[in-house]
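The file data_18.pdb contains PDB, C-alpha atoms, pLDDT in the B column:
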MODEL        1
ATOM      1  CA  MET A  29      10.032 -11.067   1.930  1.00 60.00           C
ATOM      2  CA  ASN A  30       9.712  -8.685   4.860  1.00 58.00           C
ATOM      3  CA  ARG A  31       6.105  -9.018   6.051  1.00 67.00           C
ATOM      4  CA  GLN A  32       6.235  -5.627   7.798  1.00 63.00           C
ATOM      5  CA  HIS A  33       6.527  -3.950   4.378  1.00 66.00           C
ATOM      6  CA  PHE A  34       3.133  -5.305   3.402  1.00 75.00           C
ATOM      7  CA  ARG A  35       1.076  -4.446   6.469  1.00 74.00           C
ATOM      8  CA  PRO A  36      -0.832  -1.203   6.025  1.00 74.00           C
ATOM      9  CA  PRO A  37      -1.297   1.542   7.021  1.00 82.00           C
ATOM     10  CA  PHE A  38       1.676   3.660   5.988  1.00 84.00           C
ATOM     11  CA  SER A  39       2.789   7.215   6.605  1.00 83.00           C
ATOM     12  CA  THR A  40       1.745  10.018   4.282  1.00 82.00           C
ATOM     13  CA  THR A  41       5.394  11.146   4.105  1.00 81.00           C
ATOM     14  CA  SER A  42       7.293   7.887   3.655  1.00 80.00           C
ATOM     15  CA  VAL A  43       6.683   4.374   2.395  1.00 86.00           C
ATOM     16  CA  PRO A  44       8.221   1.046   3.348  1.00 87.00           C
ATOM     17  CA  PRO A  45      11.254  -0.001   1.266  1.00 85.00           C
ATOM     18  CA  TRP A  46       9.177  -1.609  -1.495  1.00 89.00           C
ATOM     19  CA  GLY A  47      11.096  -3.009  -4.443  1.00 89.00           C
ATOM     20  CA  CYS A  48      10.731  -1.689  -7.966  1.00 91.00           C
ATOM     21  CA  PRO A  49       8.502  -3.765 -10.271  1.00 89.00           C
ATOM     22  CA  ALA A  50      10.671  -2.908 -13.298  1.00 89.00           C
ATOM     23  CA  CYS A  51      14.330  -3.195 -12.260  1.00 88.00           C
ATOM     24  CA  VAL A  52      13.758  -5.124  -8.968  1.00 82.00           C
ATOM     25  CA  GLU A  53      16.947  -3.620  -7.494  1.00 86.00           C
ATOM     26  CA  GLY A  54      15.671  -0.104  -6.823  1.00 92.00           C
ATOM     27  CA  GLY A  55      13.278   1.098  -4.153  1.00 92.00           C
ATOM     28  CA  LEU A  56      10.124   3.187  -4.401  1.00 94.00           C
ATOM     29  CA  THR A  57       9.926   6.695  -2.972  1.00 94.00           C
ATOM     30  CA  ILE A  58       7.099   9.236  -2.867  1.00 94.00           C
ATOM     31  CA  VAL A  59       7.160  11.887  -5.594  1.00 95.00           C
ATOM     32  CA  MET A  60       6.663  15.130  -3.691  1.00 93.00           C
ATOM     33  CA  ASN A  61       3.357  16.971  -4.123  1.00 95.00           C
ATOM     34  CA  THR A  62       1.588  14.024  -5.790  1.00 96.00           C
ATOM     35  CA  LEU A  63      -0.421  12.885  -2.768  1.00 95.00           C
ATOM     36  CA  ARG A  64      -4.073  13.722  -3.293  1.00 96.00           C
ATOM     37  CA  ILE A  65      -6.683  13.033  -0.611  1.00 95.00           C
ATOM     38  CA  GLU A  66     -10.415  13.546  -1.082  1.00 96.00           C
ATOM     39  CA  GLU A  67     -13.187  13.041   1.448  1.00 95.00           C
ATOM     40  CA  THR A  68     -16.047  10.808   0.285  1.00 95.00           C
ATOM     41  CA  THR A  69     -19.538  12.222  -0.231  1.00 96.00           C
ATOM     42  CA  ILE A  70     -21.053  10.024   2.488  1.00 94.00           C
ATOM     43  CA  SER A  71     -18.357  11.158   4.908  1.00 93.00           C
ATOM     44  CA  ARG A  72     -19.044  14.851   4.188  1.00 94.00           C
ATOM     45  CA  LYS A  73     -22.777  14.315   4.698  1.00 94.00           C
ATOM     46  CA  SER A  74     -22.223  12.519   8.019  1.00 94.00           C
ATOM     47  CA  GLN A  75     -20.678  15.668   9.510  1.00 92.00           C
ATOM     48  CA  SER A  76     -24.172  17.105   9.986  1.00 93.00           C
ATOM     49  CA  ASP A  77     -24.911  14.328  12.496  1.00 94.00           C
ATOM     50  CA  PRO A  78     -24.903  15.788  16.040  1.00 94.00           C
ATOM     51  CA  ASP A  79     -22.912  12.766  17.257  1.00 94.00           C
ATOM     52  CA  TRP A  80     -20.256  13.141  14.526  1.00 91.00           C
ATOM     53  CA  GLU A  81     -16.656  12.473  15.541  1.00 88.00           C
ATOM     54  CA  PRO A  82     -13.430  12.904  13.507  1.00 83.00           C
ATOM     55  CA  ASN A  83     -12.867   9.143  13.248  1.00 83.00           C
ATOM     56  CA  TRP A  84     -16.053   8.925  11.131  1.00 87.00           C
ATOM     57  CA  THR A  85     -14.219  10.696   8.302  1.00 90.00           C
ATOM     58  CA  ARG A  86     -13.660   8.535   5.199  1.00 93.00           C
ATOM     59  CA  GLN A  87     -11.180   9.609   2.556  1.00 95.00           C
ATOM     60  CA  GLN A  88      -9.564   8.182  -0.558  1.00 96.00           C
ATOM     61  CA  PHE A  89      -6.051   8.876  -1.836  1.00 96.00           C
ATOM     62  CA  SER A  90      -3.852   8.600  -4.893  1.00 97.00           C
ATOM     63  CA  ILE A  91      -0.077   8.996  -4.972  1.00 96.00           C
ATOM     64  CA  LEU A  92       2.814   8.636  -7.412  1.00 97.00           C
ATOM     65  CA  LEU A  93       5.853   6.640  -6.351  1.00 96.00           C
ATOM     66  CA  ARG A  94       9.079   6.398  -8.371  1.00 97.00           C
ATOM     67  CA  CYS A  95      11.990   3.980  -8.383  1.00 97.00           C
ATOM     68  CA  ASN A  96      15.157   5.577  -7.022  1.00 97.00           C
ATOM     69  CA  ARG A  97      17.209   3.624  -9.555  1.00 97.00           C
ATOM     70  CA  CYS A  98      15.400   3.312 -12.920  1.00 97.00           C
ATOM     71  CA  GLU A  99      12.704   5.987 -12.328  1.00 97.00           C
ATOM     72  CA  GLU A 100       9.816   3.570 -13.013  1.00 97.00           C
ATOM     73  CA  PRO A 101       6.510   5.278 -12.063  1.00 98.00           C
ATOM     74  CA  VAL A 102       4.142   3.365  -9.768  1.00 97.00           C
ATOM     75  CA  PHE A 103       0.721   4.698  -8.820  1.00 97.00           C
ATOM     76  CA  SER A 104      -1.161   3.705  -5.685  1.00 95.00           C
ATOM     77  CA  ILE A 105      -4.757   4.316  -4.664  1.00 96.00           C
ATOM     78  CA  GLY A 106      -6.566   3.499  -1.458  1.00 95.00           C
ATOM     79  CA  SER A 107      -8.173   4.972   1.627  1.00 95.00           C
ATOM     80  CA  THR A 108      -6.931   6.857   4.666  1.00 93.00           C
ATOM     81  CA  MET A 109      -7.366   6.273   8.358  1.00 87.00           C
ATOM     82  CA  LEU A 110      -6.493   8.026  11.589  1.00 80.00           C
ATOM     83  CA  MET A 111      -3.868   6.267  13.709  1.00 79.00           C
ATOM     84  CA  GLU A 112      -2.858   6.900  17.287  1.00 78.00           C
ATOM     85  CA  VAL A 113       0.904   7.374  17.607  1.00 78.00           C
ATOM     86  CA  GLU A 114       3.151   8.285  20.481  1.00 81.00           C
ATOM     87  CA  ASP A 115       5.536  11.204  20.006  1.00 80.00           C
ATOM     88  CA  GLU A 116       8.995  11.603  21.553  1.00 83.00           C
ATOM     89  CA  ASP A 117       7.402  13.038  24.733  1.00 86.00           C
ATOM     90  CA  TYR A 118       5.162   9.937  25.061  1.00 86.00           C
ATOM     91  CA  ARG A 119       2.049  11.938  24.200  1.00 86.00           C
ATOM     92  CA  GLN A 120      -0.654  10.308  22.105  1.00 87.00           C
ATOM     93  CA  ARG A 121      -1.732  12.058  18.923  1.00 82.00           C
ATOM     94  CA  GLN A 122      -3.644  11.130  15.802  1.00 81.00           C
ATOM     95  CA  VAL A 123      -1.999  11.108  12.372  1.00 81.00           C
ATOM     96  CA  GLU A 124      -3.386  10.377   8.942  1.00 85.00           C
ATOM     97  CA  ALA A 125      -2.159   7.136   7.384  1.00 89.00           C
ATOM     98  CA  LEU A 126      -2.549   5.523   3.957  1.00 93.00           C
ATOM     99  CA  VAL A 127      -4.162   2.117   3.411  1.00 92.00           C
ATOM    100  CA  PRO A 128      -3.257   1.037  -0.153  1.00 93.00           C
ATOM    101  CA  LYS A 129      -5.803  -0.962  -2.154  1.00 93.00           C
ATOM    102  CA  PHE A 130      -4.094  -1.103  -5.542  1.00 93.00           C
ATOM    103  CA  PHE A 131      -0.734  -0.469  -7.263  1.00 93.00           C
ATOM    104  CA  VAL A 132       0.011   0.040 -10.964  1.00 93.00           C
ATOM    105  CA  SER A 133       2.590  -1.509 -11.651  1.00 90.00           C
ATOM    106  CA  ALA A 134       2.319  -4.199  -8.979  1.00 89.00           C
ATOM    107  CA  VAL A 135       4.794  -3.961  -6.111  1.00 89.00           C
ATOM    108  CA  PRO A 136       6.594  -7.339  -6.009  1.00 85.00           C
ATOM    109  CA  MET A 137       6.126  -9.191  -2.731  1.00 82.00           C
ATOM    110  CA  ILE A 138       8.407 -12.078  -3.613  1.00 80.00           C
ATOM    111  CA  THR A 139      11.398 -11.921  -5.937  1.00 78.00           C
ATOM    112  CA  SER A 140      11.525 -14.918  -8.245  1.00 78.00           C
ATOM    113  CA  PRO A 141      14.927 -16.569  -8.712  1.00 81.00           C
ATOM    114  CA  LYS A 142      16.649 -15.849 -12.046  1.00 81.00           C
ATOM    115  CA  SER A 143      16.242 -19.531 -12.987  1.00 87.00           C
ATOM    116  CA  CYS A 144      12.447 -19.287 -12.619  1.00 83.00           C
ATOM    117  CA  PRO A 145      10.514 -19.520 -15.916  1.00 84.00           C
ATOM    118  CA  VAL A 146       9.137 -16.178 -17.131  1.00 84.00           C
ATOM    119  CA  GLU A 147       5.561 -17.500 -17.039  1.00 83.00           C
ATOM    120  CA  ILE A 148       5.874 -18.387 -13.355  1.00 81.00           C
ATOM    121  CA  SER A 149       7.500 -15.045 -12.480  1.00 80.00           C
ATOM    122  CA  ALA A 150       4.607 -13.270 -14.215  1.00 82.00           C
ATOM    123  CA  GLU A 151       2.049 -15.219 -12.150  1.00 82.00           C
ATOM    124  CA  VAL A 152       3.918 -14.387  -8.938  1.00 80.00           C
ATOM    125  CA  LEU A 153       3.766 -10.690  -9.874  1.00 81.00           C
ATOM    126  CA  ASN A 154       0.030 -11.071 -10.630  1.00 82.00           C
ATOM    127  CA  ALA A 155      -0.433 -12.542  -7.156  1.00 83.00           C
ATOM    128  CA  SER A 156       1.406  -9.532  -5.705  1.00 83.00           C
ATOM    129  CA  SER A 157      -1.085  -7.204  -7.377  1.00 84.00           C
ATOM    130  CA  LEU A 158      -4.019  -9.019  -5.738  1.00 85.00           C
ATOM    131  CA  TYR A 159      -2.600  -8.847  -2.211  1.00 85.00           C
ATOM    132  CA  TRP A 160      -3.891  -5.361  -1.371  1.00 84.00           C
ATOM    133  CA  THR A 161      -7.504  -6.052  -2.337  1.00 84.00           C
ATOM    134  CA  SER A 162      -7.802  -9.753  -1.516  1.00 85.00           C
ATOM    135  CA  PRO A 163      -4.987 -11.417   0.468  1.00 82.00           C
ATOM    136  CA  PRO A 164      -6.637 -14.881   0.291  1.00 86.00           C
ATOM    137  CA  SER A 165      -6.864 -14.646  -3.507  1.00 85.00           C
ATOM    138  CA  ALA A 166      -3.231 -13.576  -3.680  1.00 82.00           C
ATOM    139  CA  GLY A 167      -2.247 -16.541  -1.499  1.00 82.00           C
ATOM    140  CA  ASN A 168      -4.103 -18.942  -3.771  1.00 84.00           C
ATOM    141  CA  LEU A 169      -2.395 -17.499  -6.841  1.00 77.00           C
ATOM    142  CA  PHE A 170       1.051 -17.688  -5.164  1.00 72.00           C
ATOM    143  CA  VAL A 171       0.476 -21.351  -4.364  1.00 77.00           C
ATOM    144  CA  SER A 172      -0.807 -22.014  -7.863  1.00 75.00           C
ATOM    145  CA  ALA A 173       2.157 -20.240  -9.476  1.00 66.00           C
ATOM    146  CA  TRP A 174       4.779 -21.984  -7.366  1.00 62.00           C
ATOM    147  CA  SER A 175       3.040 -25.369  -7.668  1.00 66.00           C
ATOM    148  CA  GLY A 176       3.175 -24.955 -11.426  1.00 57.00           C
ATOM    149  CA  SER A 177       6.914 -24.336 -11.235  1.00 49.00           C
ATOM    150  CA  TRP A 178       7.464 -27.879  -9.953  1.00 43.00           C
ATOM    151  CA  ILE A 179       5.696 -29.305 -12.987  1.00 43.00           C
ATOM    152  CA  ILE A 180       7.743 -27.398 -15.539  1.00 41.00           C
TER
ENDMDL
END

Would you write the structure of this file as structure tokens?
Amino acid sequence: MNRQHFRPPFSTTSVPPWGCPACVEGGLTIVMNTLRIEETTISRKSQSDPDWEPNWTRQQFSILLRCNRCEEPVFSIGSTMLMEVEDEDYRQRQVEALVPKFFVSAVPMITSPKSCPVEISAEVLNASSLYWTSPPSAGNLFVSAWSGSWII
């Protein structure tokens, strides 16, 4: 597991090399023109505040990803944020980034060995789906799944 792949935020034009939940061997890529970003109602209303600044903006996104091998579709939803980045001339600028909260189908964080019982592999994938909304819950489920594998 590469921990950097699971630390949001991510670019609006590319995603980390996440594995495919269906074939496991392929990687997910963004399907062009499927990124949709909408500003929240509260965020729009806050713009009338005389002290309003761009970093007060709150948006939500949805995007379609597809496996580059088996073409499995994976949808992600979440929020956006502004990030400070340095360009090639060492100038600071703000870019919009994606903060995923949910994936359908779950992006696998850990690949179970082929000898692992199907029930345990399924629980590990369930834990992967929880990671984006509740990392502690995902950790508990990972431990529970792998602890169960020693009993079987």

* Compile the contact shell of Pro101 of chain A as a ChimeraX atom specification: residues with an atom at most 12 Å away, counting only C-alpha atoms, same-chain residues fewer than 3 positions apart removed. => /A:48-51,54-59,62,91-98,104,131-135

* Asked: Got a sec to resolve the PyMOL selection byres ((chain A and resi 157-174) around 10) on this structure and send the residues as a ChimeraX atom specification?
  -> /A:34-36,106,127-138,140,144,147-156,175-179

* Tell me, as an MDAnalysis selection string, which residues lie within 12 Å of Glu81 of chain A, counting all atoms listed in the file; anything in the same chain fewer than 4 positions away does not count. => chainID A and resid 71:72 74:77 85:86 110

* Would you work out the distance separating atom CA of Val123 of chain A from atom CA of Thr69 of chain A, expressed in Å to one decimal? =>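 Between atom CA of Val123 of chain A and atom CA of Thr69 of chain A the gap is 21.6 Å.
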
* So what do you get for atom CA of Gly47 of chain A versus atom CA of Glu99 of chain A, distance-wise? -> 12.1 Å

* **Interatomic distance, atom CA of Ile65 of chain A to atom CA of Leu126 of chain A (Å, one decimal)** =>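 These two atoms are separated by 9.7 Å.
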
Taking every listed atom of segment 82-101 of chain A and adding 5 Å to each side, what centre and edge lengths in Å (one decimal) does the axis-aligned box have, as AutoDock Vina command-line options?
--center_x 0.6 --center_y 8.1 --center_z 0.2 --size_x 43.3 --size_y 19.6 --size_z 36.5
